[in-house]
Protein chains: 2
Amino acid sequence: MLQGKVLVAQGGGPTAVINQSLVGAVLESRKFSGVEHVYGSLHGISGIVNENFLDLTQETTANLELVAGTPCSALGSTRDKPNPKYCREIFKVLKAHEIGTFFYIGGNDSSDALKILSQMAIKDNYDLRCIHIPKTIDNDLPVNDHTPGFPSAARFVASAFAGVNQDNMALQGVYVGVVMGRHAGFLTAAAAGAHTFKDDGPHLIYLPERAFDMKKFVGDVKRVYDRLGRCVIAVSEGIHDKKGTPIITKLSKTVEKDAHGNVQLSGTGALADLLTDAIKVKTGISRVRGDTFGYLQRSFLGCVSDVDQREAREVGEKAAQFANFSDRPSGTVTIHRVGDYQVEYRLSKIEAVAGLTKVMADGFINKDANGVTPKFMDYLTPLLGSDMARVGRLDPANKVKKILNK
Amino acid sequence: MLQGKVLVAQGGGPTAVINQSLVGAVLESRKFSGVEHVYGSLHGISGIVNENFLDLTQETTANLELVAGTPCSALGSTRDKPNPKYCREIFKVLKAHEIGTFFYIGGNDSSDALKILSQMAIKDNYDLRCIHIPKTIDNDLPVNDHTPGFPSAARFVASAFAGVNQDNMALQGVYVGVVMGRHAGFLTAAAAGAHTFKDDGPHLIYLPERAFDMKKFVGDVKRVYDRLGRCVIAVSEGIHDKKGTPIITKLSKTVEKDAHGNVQLSGTGALADLLTDAIKVKTGISRVRGDTFGYLQRSFLGCVSDVDQREAREVGEKAAQFANFSDRPSGTVTIHRVGDYQVEYRLSKIEAVAGLTKVMADGFINKDANGVTPKFMDYLTPLLGSDMARVGRLDPANKVKKILNK
């Protein structure tokens, strides 16, 4: 039974639809008559320790709906990883407020925090039901077919590459776009969603699932450029050499790490600059441009997949329903593809996702390690949403006969 | 009278709506019974020299409409600046194809090319009517209230900052976003379109209209950070010191210039990295992130202002109408604001815009040279379009009473 006080929090990197999950969990929880209050913790688990709670039972539905459509974590987020001492602080506060259900919306690191927390609760004999609600633009949670937040970020990346491909046709040269994604290449691979015509870019896609070799890279670029007179390239920020050393650390003076030991890859244009410099120097091509898509990928206002919006809402709702109807005390809501296109939601064990990382299946990556397969396109396409803008071209067959330069 | 063969071309940097102008000019020209053919030149004036024309009279309306909604120059673009020899090559081709009307869609540099071309035509006694159709995301053409392409790029920048402002609230720190715009700060200033709540970012905006001082910049950032615990900053790629030296050239080893003598500012993340490094080192704030919005600003698929879309279409249509009805042989279509919000179109002299640059009016920039005025917001807001997404916040008043940490 879902009753008493319910707490919800958001952790990790924000997404375009993480507030849909928040509002789904809040509104659904409020429907159960035994639920007295739904609290929101500010800035994830750090808000619990500091007792920074908002009473979301006092929010109007209209305002919650406005928040649901707003990108990024309305409750604020955190990168804190709780150790046993941190967890004891959390318990103290949860007990004092008589909270029996905790919904934590987050990715790998957040689910890992929730696992530690729920294990501590069992050990301390405290009756706490922890439900993890998935989100991550990286799409790297195991068990799930995909994770809320990824489809909208994928739509952003596909829309960006569809645009820069047009730009690159208009003013020809080489273009490198660097995409977020530490270990999993899903978001970079989503650049292939930009393809409409046969010669559309991105023509090359480099993923962290394969070792990156600068010599092969430059050779690939030169081949495409020689054939088409232009080349558009999607590169994951997480590309690394054979030994696993990220290419970006090869030029950064100081490497910044977060509490989870992750090297800071985003928020700098260094990798794009390194790659464009290499292309210029080694091929002699003069017009070489690079962009790093950065934080826009997870936050841009108004670029949302309607499929993602719906599913993010539903995983939040399902968390409340699982908390009420399921026998299992704790778990993670997981998304499973059961049709083309249809999904269902299950309550899985937190241990099956916590701190674990899923990467692109071998069947999604081409043999040359510089593109994706039709199988990946089948996987990606329905996620981008029902209303992706289309691109057109003037008919190249209507050439006017030359008079002077016959 | 508009008759015979009409030629249309696109020059300079692409925009989200430049194809609206192309299709407006083509469809409107096709309505005049005296018009035999409407040709499109591939890659601007370079396509004329090489006789690379498409016959746009053989395009279906449906396909032209699809192209109109596609970002960037469907005919391709060029940065070529014609000298007298280049112009004589152009004349030779125009004469051979019996072209009497030339519509050139472009910005400062393109209108400058058109000016040279129309002067050469008069000198050579060749009957050529040249009409310049304005476009530029920089919004820096004189005479015009604003230029097609700017409103959609402004919407992109405002949407991006609305998103990263949410991101920065969720995971606090300092964020620097670098925006396109060499001499004119309009596009950077459009970041202010992201404001909804009083403490929304961008909190600081730096424009090329004012000299940039690193010490003052760092001081500004620190003050905002101390007050809000976070700071979002919009910076123009064109910021420069008192002497006019672009800040970006202070760290680039080699400076790339185009045919018009412009220093290459885009396509590198170096400026954002320089600024975030300076903030980190001089304030000690640890979480400092920077993005360079790059080519997405002018090409992103699906981010368009409906006002911009309509006006871009109309300046194309007006070009054909002016060519048919006006006495003046050549000119530039200009946009004038005549209501709140309403515009009208006039045919102005090419000399009034060609190669000239308009910058932000003093009344648009605040006294501290780090933000915009309400007057600028009145100017900007109607341009962003009728359907900008809204953002919401949870009500901070619904705080739960602390039990332990009273």
# chains A, B, ... in the order shown; residues from 1 in each chain; ligands from 1
>>> select_by_dssp(residues="stretch 108-310 of chain B", states="strand (DSSP E)", output="list of chain:residue names")
B:Arg129, B:Cys130, B:Ile131, B:His132, B:Ile133, B:Pro134, B:Val174, B:Tyr175, B:Val176, B:Gly177, B:Val178, B:Val179, B:Leu204, B:Ile205, B:Tyr206, B:Cys231, B:Val232, B:Ile233, B:Ala234, B:Val235, B:Ser236, B:Val288, B:Arg289, B:Gly290, B:Asp291, B:Thr292
>>> write_last_selection(atoms="N, CA and C atoms", output="CSV table (one decimal), in the first residue's frame")
chain,number,residue,atom,x,y,z
B,129,ARG,N,18.5,44.1,-63.9
B,129,ARG,CA,17.8,44.6,-62.7
B,129,ARG,C,18.3,43.7,-61.5
B,130,CYS,N,18.9,44.3,-60.5
B,130,CYS,CA,19.5,43.5,-59.4
B,130,CYS,C,18.6,43.8,-58.1
B,131,ILE,N,18.0,42.8,-57.5
B,131,ILE,CA,17.3,43.1,-56.3
B,131,ILE,C,17.9,42.2,-55.2
B,132,HIS,N,18.3,42.9,-54.1
B,132,HIS,CA,18.9,42.2,-53.0
B,132,HIS,C,17.8,41.9,-52.0
B,133,ILE,N,17.8,40.6,-51.6
B,133,ILE,CA,16.8,40.1,-50.6
B,133,ILE,C,17.5,39.9,-49.3
B,134,PRO,N,17.2,40.6,-48.2
B,134,PRO,CA,18.0,40.5,-47.0
B,134,PRO,C,17.9,39.2,-46.2
B,174,VAL,N,28.8,28.0,-12.7
B,174,VAL,CA,28.9,29.1,-13.6
B,174,VAL,C,28.8,28.4,-15.0
B,175,TYR,N,28.1,29.1,-15.9
B,175,TYR,CA,27.9,28.6,-17.3
B,175,TYR,C,28.2,29.8,-18.2
B,176,VAL,N,29.0,29.5,-19.2
B,176,VAL,CA,29.3,30.5,-20.3
B,176,VAL,C,28.8,30.0,-21.6
B,177,GLY,N,27.9,30.7,-22.3
B,177,GLY,CA,27.5,30.3,-23.6
B,177,GLY,C,28.0,31.3,-24.7
B,178,VAL,N,28.8,30.9,-25.7
B,178,VAL,CA,29.3,31.8,-26.7
B,178,VAL,C,28.4,31.8,-27.9
B,179,VAL,N,28.0,33.0,-28.3
B,179,VAL,CA,27.0,33.1,-29.4
B,179,VAL,C,27.7,33.8,-30.6
B,204,LEU,N,24.4,37.8,-17.1
B,204,LEU,CA,25.3,38.7,-17.7
B,204,LEU,C,25.4,38.5,-19.2
B,205,ILE,N,25.5,39.6,-19.9
B,205,ILE,CA,25.5,39.5,-21.4
B,205,ILE,C,26.6,40.5,-21.9
B,206,TYR,N,27.6,39.9,-22.7
B,206,TYR,CA,28.7,40.7,-23.2
B,206,TYR,C,28.6,40.8,-24.7
B,231,CYS,N,25.6,31.3,-11.9
B,231,CYS,CA,25.7,32.5,-12.8
B,231,CYS,C,25.7,31.9,-14.2
B,232,VAL,N,24.8,32.5,-15.1
B,232,VAL,CA,24.7,32.1,-16.5
B,232,VAL,C,25.1,33.3,-17.3
B,233,ILE,N,26.0,33.1,-18.2
B,233,ILE,CA,26.6,34.3,-19.0
B,233,ILE,C,26.5,34.0,-20.5
B,234,ALA,N,26.0,35.0,-21.2
B,234,ALA,CA,26.0,35.0,-22.7
B,234,ALA,C,27.2,35.9,-23.2
B,235,VAL,N,28.0,35.4,-24.1
B,235,VAL,CA,29.1,36.2,-24.6
B,235,VAL,C,29.1,36.1,-26.1
B,236,SER,N,29.3,37.2,-26.7
B,236,SER,CA,29.5,37.2,-28.2
B,236,SER,C,30.8,36.7,-28.6
B,288,VAL,N,32.6,25.2,-13.4
B,288,VAL,CA,32.5,26.2,-14.4
B,288,VAL,C,32.4,25.5,-15.8
B,289,ARG,N,31.3,25.7,-16.5
B,289,ARG,CA,31.2,25.0,-17.8
B,289,ARG,C,31.0,26.0,-18.9
B,290,GLY,N,31.5,25.7,-20.1
B,290,GLY,CA,31.3,26.6,-21.3
B,290,GLY,C,30.8,25.8,-22.5
B,291,ASP,N,29.9,26.4,-23.3
B,291,ASP,CA,29.5,25.8,-24.5
B,291,ASP,C,29.7,26.9,-25.6
B,292,THR,N,30.0,26.5,-26.8
B,292,THR,CA,29.9,27.4,-28.0
B,292,THR,C,28.8,26.9,-28.9
>>> interface_residues(of="chain A", to="chain B", cutoff="7 Å", atoms="only C-alpha atoms", output="PDB file with C-alpha atoms, in the first residue's frame")
ATOM      1  CA  PRO A  14      19.026  16.743 -16.028  1.00  0.00           C
ATOM      2  CA  HIS A  43      18.958  18.760  -4.979  1.00  0.00           C
ATOM      3  CA  GLU A  51      15.916  18.584   5.339  1.00  0.00           C
ATOM      4  CA  PHE A  53      11.786  19.544   1.371  1.00  0.00           C
ATOM      5  CA  LEU A  54       8.945  21.102  -0.580  1.00  0.00           C
ATOM      6  CA  ASP A  55       5.400  19.895   0.078  1.00  0.00           C
ATOM      7  CA  GLN A  58       0.252  21.964  -2.037  1.00  0.00           C
ATOM      8  CA  ASN A  63       1.487  24.467 -12.221  1.00  0.00           C
ATOM      9  CA  LEU A  66       3.746  23.584 -16.568  1.00  0.00           C
ATOM     10  CA  VAL A  67       6.699  22.158 -14.636  1.00  0.00           C
ATOM     11  CA  THR A  70       9.910  22.406 -18.450  1.00  0.00           C
ATOM     12  CA  PRO A  71      13.326  20.853 -19.154  1.00  0.00           C
ATOM     13  CA  CYS A  72      15.775  19.889 -16.360  1.00  0.00           C
ATOM     14  CA  SER A  73      15.248  18.934 -12.743  1.00  0.00           C
ATOM     15  CA  ALA A  74      12.696  21.274 -11.128  1.00  0.00           C
ATOM     16  CA  GLY A  76      17.364  20.529  -8.406  1.00  0.00           C
ATOM     17  CA  SER A  77      19.925  17.747  -8.717  1.00  0.00           C
ATOM     18  CA  THR A  78      23.128  16.471  -7.138  1.00  0.00           C
ATOM     19  CA  ALA A  96      12.042  12.005  11.769  1.00  0.00           C
ATOM     20  CA  SER A 159      17.894  17.728 -35.583  1.00  0.00           C
ATOM     21  CA  ALA A 160      21.289  19.364 -35.088  1.00  0.00           C
ATOM     22  CA  ALA A 162      20.090  17.420 -40.080  1.00  0.00           C
ATOM     23  CA  GLY A 163      20.726  21.175 -39.891  1.00  0.00           C
ATOM     24  CA  VAL A 164      24.519  21.148 -40.059  1.00  0.00           C
ATOM     25  CA  GLN A 166      22.328  21.301 -44.869  1.00  0.00           C
ATOM     26  CA  ASP A 167      24.829  23.957 -43.802  1.00  0.00           C
ATOM     27  CA  MET A 169      26.057  21.240 -48.335  1.00  0.00           C
ATOM     28  CA  ALA A 170      25.622  25.009 -48.741  1.00  0.00           C
ATOM     29  CA  LEU A 171      29.168  25.909 -47.706  1.00  0.00           C
ATOM     30  CA  GLY A 267      31.728  21.871 -20.983  1.00  0.00           C
ATOM     31  CA  THR A 268      34.808  22.299 -23.135  1.00  0.00           C
ATOM     32  CA  GLY A 269      35.356  22.541 -26.882  1.00  0.00           C
ATOM     33  CA  ALA A 270      38.826  21.014 -26.667  1.00  0.00           C
ATOM     34  CA  ASP A 273      39.313  21.635 -31.741  1.00  0.00           C
ATOM     35  CA  ARG A 289      34.732  23.419 -38.524  1.00  0.00           C
ATOM     36  CA  GLY A 290      33.902  21.818 -35.213  1.00  0.00           C
ATOM     37  CA  ASP A 291      31.120  22.246 -32.669  1.00  0.00           C
ATOM     38  CA  THR A 292      30.601  20.685 -29.271  1.00  0.00           C
ATOM     39  CA  GLY A 294      27.330  20.566 -24.863  1.00  0.00           C
ATOM     40  CA  TYR A 295      24.547  21.127 -22.363  1.00  0.00           C
ATOM     41  CA  LEU A 296      21.985  22.046 -25.025  1.00  0.00           C
ATOM     42  CA  SER A 299      18.200  21.009 -21.710  1.00  0.00           C
ATOM     43  CA  PHE A 300      17.184  22.838 -24.923  1.00  0.00           C
ATOM     44  CA  LEU A 301      13.716  24.329 -24.469  1.00  0.00           C
ATOM     45  CA  GLY A 302      11.198  23.067 -27.012  1.00  0.00           C
ATOM     46  CA  ALA A 389      10.612  18.002 -39.225  1.00  0.00           C
ATOM     47  CA  VAL A 391      13.978  18.220 -45.157  1.00  0.00           C
ATOM     48  CA  GLY A 392      13.685  18.738 -48.895  1.00  0.00           C
ATOM     49  CA  ARG A 393      16.028  19.376 -51.820  1.00  0.00           C
ATOM     50  CA  LEU A 394      15.698  21.055 -55.169  1.00  0.00           C
ATOM     51  CA  ASN A 398      16.552  20.239 -63.781  1.00  0.00           C
ATOM     52  CA  LYS A 399      20.020  21.405 -64.868  1.00  0.00           C
ATOM     53  CA  VAL A 400      20.120  24.241 -67.372  1.00  0.00           C
ATOM     54  CA  LYS A 402      25.568  25.370 -70.417  1.00  0.00           C
ATOM     55  CA  ILE A 403      26.098  27.790 -73.290  1.00  0.00           C
TER      56      ILE A 403
END
>>> closest_residue(among="B:Lys349, B:Lys81, B:Arg313, B:Lys358", to="B:Leu27", atoms="only C-alpha atoms")
B:Arg313
>>> select_by_dssp(residues="stretch 32-252 of chain B", states="alpha helix (DSSP H)", output="tab-separated table (two decimals) with N, CA and C atoms, in the first residue's frame")
chain	number	residue	atom	x	y	z
B	44	GLY	N	25.70	30.52	-55.06
B	44	GLY	CA	25.78	31.97	-55.21
B	44	GLY	C	26.35	32.40	-56.54
B	45	ILE	N	27.11	33.50	-56.51
B	45	ILE	CA	27.64	34.04	-57.75
B	45	ILE	C	28.68	33.12	-58.40
B	46	SER	N	29.27	32.22	-57.61
B	46	SER	CA	30.24	31.30	-58.22
B	46	SER	C	29.53	30.37	-59.22
B	47	GLY	N	28.26	30.11	-58.96
B	47	GLY	CA	27.47	29.28	-59.89
B	47	GLY	C	27.18	29.98	-61.19
B	48	ILE	N	27.15	31.32	-61.15
B	48	ILE	CA	26.92	32.07	-62.41
B	48	ILE	C	28.15	31.91	-63.30
B	49	VAL	N	29.31	32.17	-62.72
B	49	VAL	CA	30.56	32.07	-63.48
B	49	VAL	C	30.70	30.68	-64.11
B	61	THR	N	5.22	22.64	-56.85
B	61	THR	CA	4.96	23.53	-55.72
B	61	THR	C	5.15	22.80	-54.39
B	62	ALA	N	4.72	21.56	-54.33
B	62	ALA	CA	4.84	20.79	-53.09
B	62	ALA	C	6.31	20.63	-52.69
B	63	ASN	N	7.17	20.36	-53.67
B	63	ASN	CA	8.58	20.20	-53.33
B	63	ASN	C	9.19	21.53	-52.92
B	64	LEU	N	8.79	22.61	-53.62
B	64	LEU	CA	9.30	23.94	-53.23
B	64	LEU	C	8.86	24.26	-51.80
B	65	GLU	N	7.65	23.88	-51.42
B	65	GLU	CA	7.18	24.15	-50.06
B	65	GLU	C	7.99	23.34	-49.03
B	66	LEU	N	8.35	22.10	-49.40
B	66	LEU	CA	9.18	21.28	-48.51
B	66	LEU	C	10.55	21.94	-48.35
B	67	VAL	N	11.11	22.43	-49.47
B	67	VAL	CA	12.40	23.13	-49.43
B	67	VAL	C	12.29	24.41	-48.60
B	68	ALA	N	11.18	25.11	-48.73
B	68	ALA	CA	10.99	26.37	-47.98
B	68	ALA	C	11.10	26.13	-46.48
B	84	PRO	N	36.38	43.21	-60.40
B	84	PRO	CA	35.92	43.56	-61.75
B	84	PRO	C	36.04	42.41	-62.75
B	85	LYS	N	37.13	41.64	-62.66
B	85	LYS	CA	37.31	40.52	-63.59
B	85	LYS	C	36.21	39.47	-63.39
B	86	TYR	N	35.95	39.16	-62.10
B	86	TYR	CA	34.92	38.19	-61.72
B	86	TYR	C	33.56	38.66	-62.26
B	87	CYS	N	33.29	39.99	-62.12
B	87	CYS	CA	32.02	40.55	-62.59
B	87	CYS	C	31.88	40.43	-64.10
B	88	ARG	N	32.95	40.64	-64.82
B	88	ARG	CA	32.89	40.51	-66.28
B	88	ARG	C	32.55	39.08	-66.68
B	89	GLU	N	33.07	38.10	-65.92
B	89	GLU	CA	32.73	36.69	-66.15
B	89	GLU	C	31.24	36.47	-65.94
B	90	ILE	N	30.73	37.09	-64.85
B	90	ILE	CA	29.30	36.98	-64.54
B	90	ILE	C	28.46	37.55	-65.68
B	91	PHE	N	28.82	38.75	-66.15
B	91	PHE	CA	28.06	39.41	-67.24
B	91	PHE	C	28.01	38.55	-68.49
B	92	LYS	N	29.15	37.99	-68.78
B	92	LYS	CA	29.25	37.16	-69.98
B	92	LYS	C	28.19	36.06	-69.93
B	93	VAL	N	28.11	35.42	-68.77
B	93	VAL	CA	27.16	34.32	-68.61
B	93	VAL	C	25.72	34.82	-68.61
B	94	LEU	N	25.46	35.93	-67.89
B	94	LEU	CA	24.10	36.47	-67.83
B	94	LEU	C	23.61	36.84	-69.23
B	95	LYS	N	24.48	37.47	-69.98
B	95	LYS	CA	24.13	37.86	-71.36
B	95	LYS	C	23.85	36.64	-72.21
B	96	ALA	N	24.72	35.65	-72.13
B	96	ALA	CA	24.56	34.43	-72.93
B	96	ALA	C	23.21	33.77	-72.65
B	108	ASN	N	25.44	41.46	-45.60
B	108	ASN	CA	26.29	42.59	-45.94
B	108	ASN	C	27.18	42.29	-47.13
B	109	ASP	N	27.90	41.18	-47.04
B	109	ASP	CA	28.87	40.86	-48.08
B	109	ASP	C	28.18	40.58	-49.41
B	110	SER	N	27.04	39.89	-49.35
B	110	SER	CA	26.32	39.57	-50.58
B	110	SER	C	25.74	40.83	-51.23
B	111	SER	N	25.24	41.75	-50.39
B	111	SER	CA	24.69	42.98	-50.97
B	111	SER	C	25.81	43.83	-51.56
B	112	ASP	N	26.98	43.73	-50.95
B	112	ASP	CA	28.15	44.43	-51.48
B	112	ASP	C	28.51	43.88	-52.86
B	113	ALA	N	28.47	42.56	-52.97
B	113	ALA	CA	28.74	41.92	-54.26
B	113	ALA	C	27.71	42.38	-55.30
B	114	LEU	N	26.46	42.48	-54.88
B	114	LEU	CA	25.38	42.89	-55.79
B	114	LEU	C	25.56	44.35	-56.22
B	115	LYS	N	26.04	45.17	-55.30
B	115	LYS	CA	26.28	46.58	-55.62
B	115	LYS	C	27.35	46.69	-56.72
B	116	ILE	N	28.45	45.99	-56.52
B	116	ILE	CA	29.53	45.99	-57.52
B	116	ILE	C	28.99	45.53	-58.88
B	117	LEU	N	28.20	44.46	-58.81
B	117	LEU	CA	27.64	43.86	-60.01
B	117	LEU	C	26.71	44.83	-60.74
B	118	SER	N	25.82	45.51	-60.00
B	118	SER	CA	24.85	46.40	-60.66
B	118	SER	C	25.56	47.64	-61.21
B	119	GLN	N	26.62	48.09	-60.53
B	119	GLN	CA	27.41	49.23	-61.04
B	119	GLN	C	28.12	48.84	-62.33
B	120	MET	N	28.67	47.64	-62.32
B	120	MET	CA	29.34	47.14	-63.52
B	120	MET	C	28.35	47.06	-64.69
B	121	ALA	N	27.12	46.63	-64.38
B	121	ALA	CA	26.09	46.48	-65.42
B	121	ALA	C	25.79	47.82	-66.08
B	122	ILE	N	25.66	48.86	-65.22
B	122	ILE	CA	25.38	50.21	-65.75
B	122	ILE	C	26.54	50.67	-66.64
B	123	LYS	N	27.74	50.47	-66.12
B	123	LYS	CA	28.96	50.85	-66.84
B	123	LYS	C	29.05	50.14	-68.19
B	150	PHE	N	17.40	36.36	-38.47
B	150	PHE	CA	17.70	36.74	-37.10
B	150	PHE	C	16.64	36.22	-36.12
B	151	PRO	N	15.34	36.43	-36.38
B	151	PRO	CA	14.35	35.98	-35.38
B	151	PRO	C	14.45	34.48	-35.04
B	152	SER	N	14.68	33.63	-36.04
B	152	SER	CA	14.78	32.20	-35.75
B	152	SER	C	16.06	31.87	-34.99
B	153	ALA	N	17.17	32.51	-35.37
B	153	ALA	CA	18.42	32.30	-34.64
B	153	ALA	C	18.27	32.82	-33.21
B	154	ALA	N	17.57	33.96	-33.06
B	154	ALA	CA	17.33	34.53	-31.73
B	154	ALA	C	16.50	33.56	-30.89
B	155	ARG	N	15.52	32.93	-31.54
B	155	ARG	CA	14.70	31.94	-30.85
B	155	ARG	C	15.55	30.75	-30.40
B	156	PHE	N	16.48	30.34	-31.26
B	156	PHE	CA	17.38	29.25	-30.87
B	156	PHE	C	18.20	29.64	-29.65
B	157	VAL	N	18.78	30.83	-29.69
B	157	VAL	CA	19.64	31.29	-28.59
B	157	VAL	C	18.81	31.45	-27.30
B	158	ALA	N	17.62	32.02	-27.41
B	158	ALA	CA	16.76	32.19	-26.23
B	158	ALA	C	16.34	30.83	-25.67
B	159	SER	N	16.01	29.88	-26.57
B	159	SER	CA	15.61	28.54	-26.12
B	159	SER	C	16.78	27.81	-25.47
B	160	ALA	N	17.96	28.00	-26.02
B	160	ALA	CA	19.15	27.37	-25.47
B	160	ALA	C	19.43	27.90	-24.06
B	161	PHE	N	19.36	29.23	-23.90
B	161	PHE	CA	19.64	29.81	-22.58
B	161	PHE	C	18.52	29.51	-21.59
B	162	ALA	N	17.28	29.42	-22.07
B	162	ALA	CA	16.18	29.03	-21.17
B	162	ALA	C	16.46	27.63	-20.63
B	163	GLY	N	16.98	26.75	-21.47
B	163	GLY	CA	17.32	25.40	-21.05
B	163	GLY	C	18.52	25.35	-20.13
B	164	VAL	N	19.62	25.99	-20.52
B	164	VAL	CA	20.82	25.91	-19.68
B	164	VAL	C	20.62	26.66	-18.36
B	165	ASN	N	19.72	27.63	-18.35
B	165	ASN	CA	19.39	28.28	-17.08
B	165	ASN	C	18.75	27.28	-16.12
B	166	GLN	N	17.85	26.43	-16.64
B	166	GLN	CA	17.25	25.37	-15.82
B	166	GLN	C	18.32	24.39	-15.36
B	167	ASP	N	19.20	24.04	-16.28
B	167	ASP	CA	20.28	23.09	-15.98
B	167	ASP	C	21.18	23.66	-14.86
B	168	ASN	N	21.47	24.93	-14.98
B	168	ASN	CA	22.34	25.62	-14.02
B	168	ASN	C	21.67	25.78	-12.64
B	169	MET	N	20.35	25.83	-12.63
B	169	MET	CA	19.63	25.85	-11.34
B	169	MET	C	19.69	24.47	-10.69
B	170	ALA	N	19.60	23.42	-11.53
B	170	ALA	CA	19.58	22.05	-11.02
B	170	ALA	C	20.96	21.63	-10.49
B	186	PHE	N	23.31	41.68	-31.54
B	186	PHE	CA	21.88	41.35	-31.47
B	186	PHE	C	21.62	39.90	-31.05
B	187	LEU	N	22.33	38.97	-31.68
B	187	LEU	CA	22.04	37.55	-31.42
B	187	LEU	C	22.43	37.17	-30.00
B	188	THR	N	23.54	37.69	-29.52
B	188	THR	CA	23.93	37.43	-28.13
B	188	THR	C	22.91	38.04	-27.18
B	189	ALA	N	22.47	39.26	-27.48
B	189	ALA	CA	21.49	39.95	-26.65
B	189	ALA	C	20.17	39.18	-26.59
B	214	MET	N	38.70	41.75	-18.99
B	214	MET	CA	38.66	40.47	-18.27
B	214	MET	C	38.48	40.66	-16.77
B	215	LYS	N	39.10	41.69	-16.22
B	215	LYS	CA	39.03	41.92	-14.78
B	215	LYS	C	37.59	42.28	-14.37
B	216	LYS	N	36.97	43.16	-15.13
B	216	LYS	CA	35.59	43.54	-14.85
B	216	LYS	C	34.67	42.33	-15.02
B	217	PHE	N	34.92	41.55	-16.07
B	217	PHE	CA	34.13	40.34	-16.34
B	217	PHE	C	34.15	39.40	-15.15
B	218	VAL	N	35.34	39.08	-14.68
B	218	VAL	CA	35.47	38.14	-13.55
B	218	VAL	C	34.79	38.72	-12.31
B	219	GLY	N	34.91	40.02	-12.11
B	219	GLY	CA	34.25	40.68	-10.97
B	219	GLY	C	32.74	40.59	-11.07
B	220	ASP	N	32.20	40.83	-12.26
B	220	ASP	CA	30.75	40.71	-12.51
B	220	ASP	C	30.27	39.30	-12.15
B	221	VAL	N	31.01	38.30	-12.65
B	221	VAL	CA	30.63	36.90	-12.44
B	221	VAL	C	30.62	36.58	-10.94
B	222	LYS	N	31.65	37.02	-10.27
B	222	LYS	CA	31.77	36.71	-8.84
B	222	LYS	C	30.61	37.33	-8.05
B	223	ARG	N	30.24	38.54	-8.40
B	223	ARG	CA	29.14	39.23	-7.71
B	223	ARG	C	27.81	38.46	-7.87
B	224	VAL	N	27.53	38.03	-9.10
B	224	VAL	CA	26.29	37.28	-9.34
B	224	VAL	C	26.34	35.94	-8.59
B	225	TYR	N	27.49	35.28	-8.66
B	225	TYR	CA	27.64	33.97	-8.02
B	225	TYR	C	27.48	34.07	-6.50
B	226	ASP	N	28.04	35.11	-5.93
B	226	ASP	CA	27.93	35.29	-4.47
B	226	ASP	C	26.48	35.54	-4.06
B	227	ARG	N	25.71	36.18	-4.94
B	227	ARG	CA	24.32	36.50	-4.63
B	227	ARG	C	23.39	35.31	-4.86
B	228	LEU	N	23.58	34.59	-5.98
B	228	LEU	CA	22.62	33.54	-6.36
B	228	LEU	C	23.16	32.11	-6.20
>>> atom_distance(atom1="atom CA of B:Lys198", atom2="atom CA of B:Asp378")
16.9 Å
>>> atom_distance(atom1="atom CA of A:Ser305", atom2="atom CA of B:Asp308")
23.9 Å
>>> closest_residue(among="A:Thr245, A:Ser326, A:Thr283, A:Thr332", to="A:Tyr104", atoms="only C-alpha atoms")
A:Thr332
>>> residues_around(residues="A:Ser21", least_positions_apart="3", cutoff="6 Å", atoms="only C-alpha atoms", output="tab-separated table (two decimals) with N, CA and C atoms, in the first residue's frame")
chain	number	residue	atom	x	y	z
A	18	ILE	N	12.72	14.92	-17.46
A	18	ILE	CA	12.80	14.37	-16.10
A	18	ILE	C	11.69	14.93	-15.21
A	24	GLY	N	4.53	12.86	-12.91
A	24	GLY	CA	3.80	11.59	-12.97
A	24	GLY	C	3.75	10.92	-11.61
A	312	ALA	N	8.23	9.12	-20.09
A	312	ALA	CA	8.79	9.69	-18.86
A	312	ALA	C	7.67	9.90	-17.85
A	313	ARG	N	6.53	10.35	-18.32
A	313	ARG	CA	5.38	10.53	-17.45
A	313	ARG	C	4.94	9.19	-16.87
A	316	GLY	N	7.01	7.51	-14.09
A	316	GLY	CA	6.71	8.16	-12.81
A	316	GLY	C	5.40	7.63	-12.22
>>> residues_around(residues="A:Ile350", least_positions_apart="2", cutoff="6 Å", atoms="only C-alpha atoms", output="compact mmCIF listing (two decimals) with C-alpha atoms, in the first residue's frame")
# COMPACT_ATOMS: atom_id res chain seq x y z
CA GLY A 331 12.93 -1.92 -7.24
CA THR A 332 13.49 -0.03 -10.42
CA ALA A 352 20.11 -5.24 -12.09
CA VAL A 353 20.76 -1.62 -13.04
CA ALA A 354 22.55 0.06 -10.12
>>> atom_distance(atom1="atom CA of B:His37", atom2="atom CA of B:Leu2")
11.1 Å
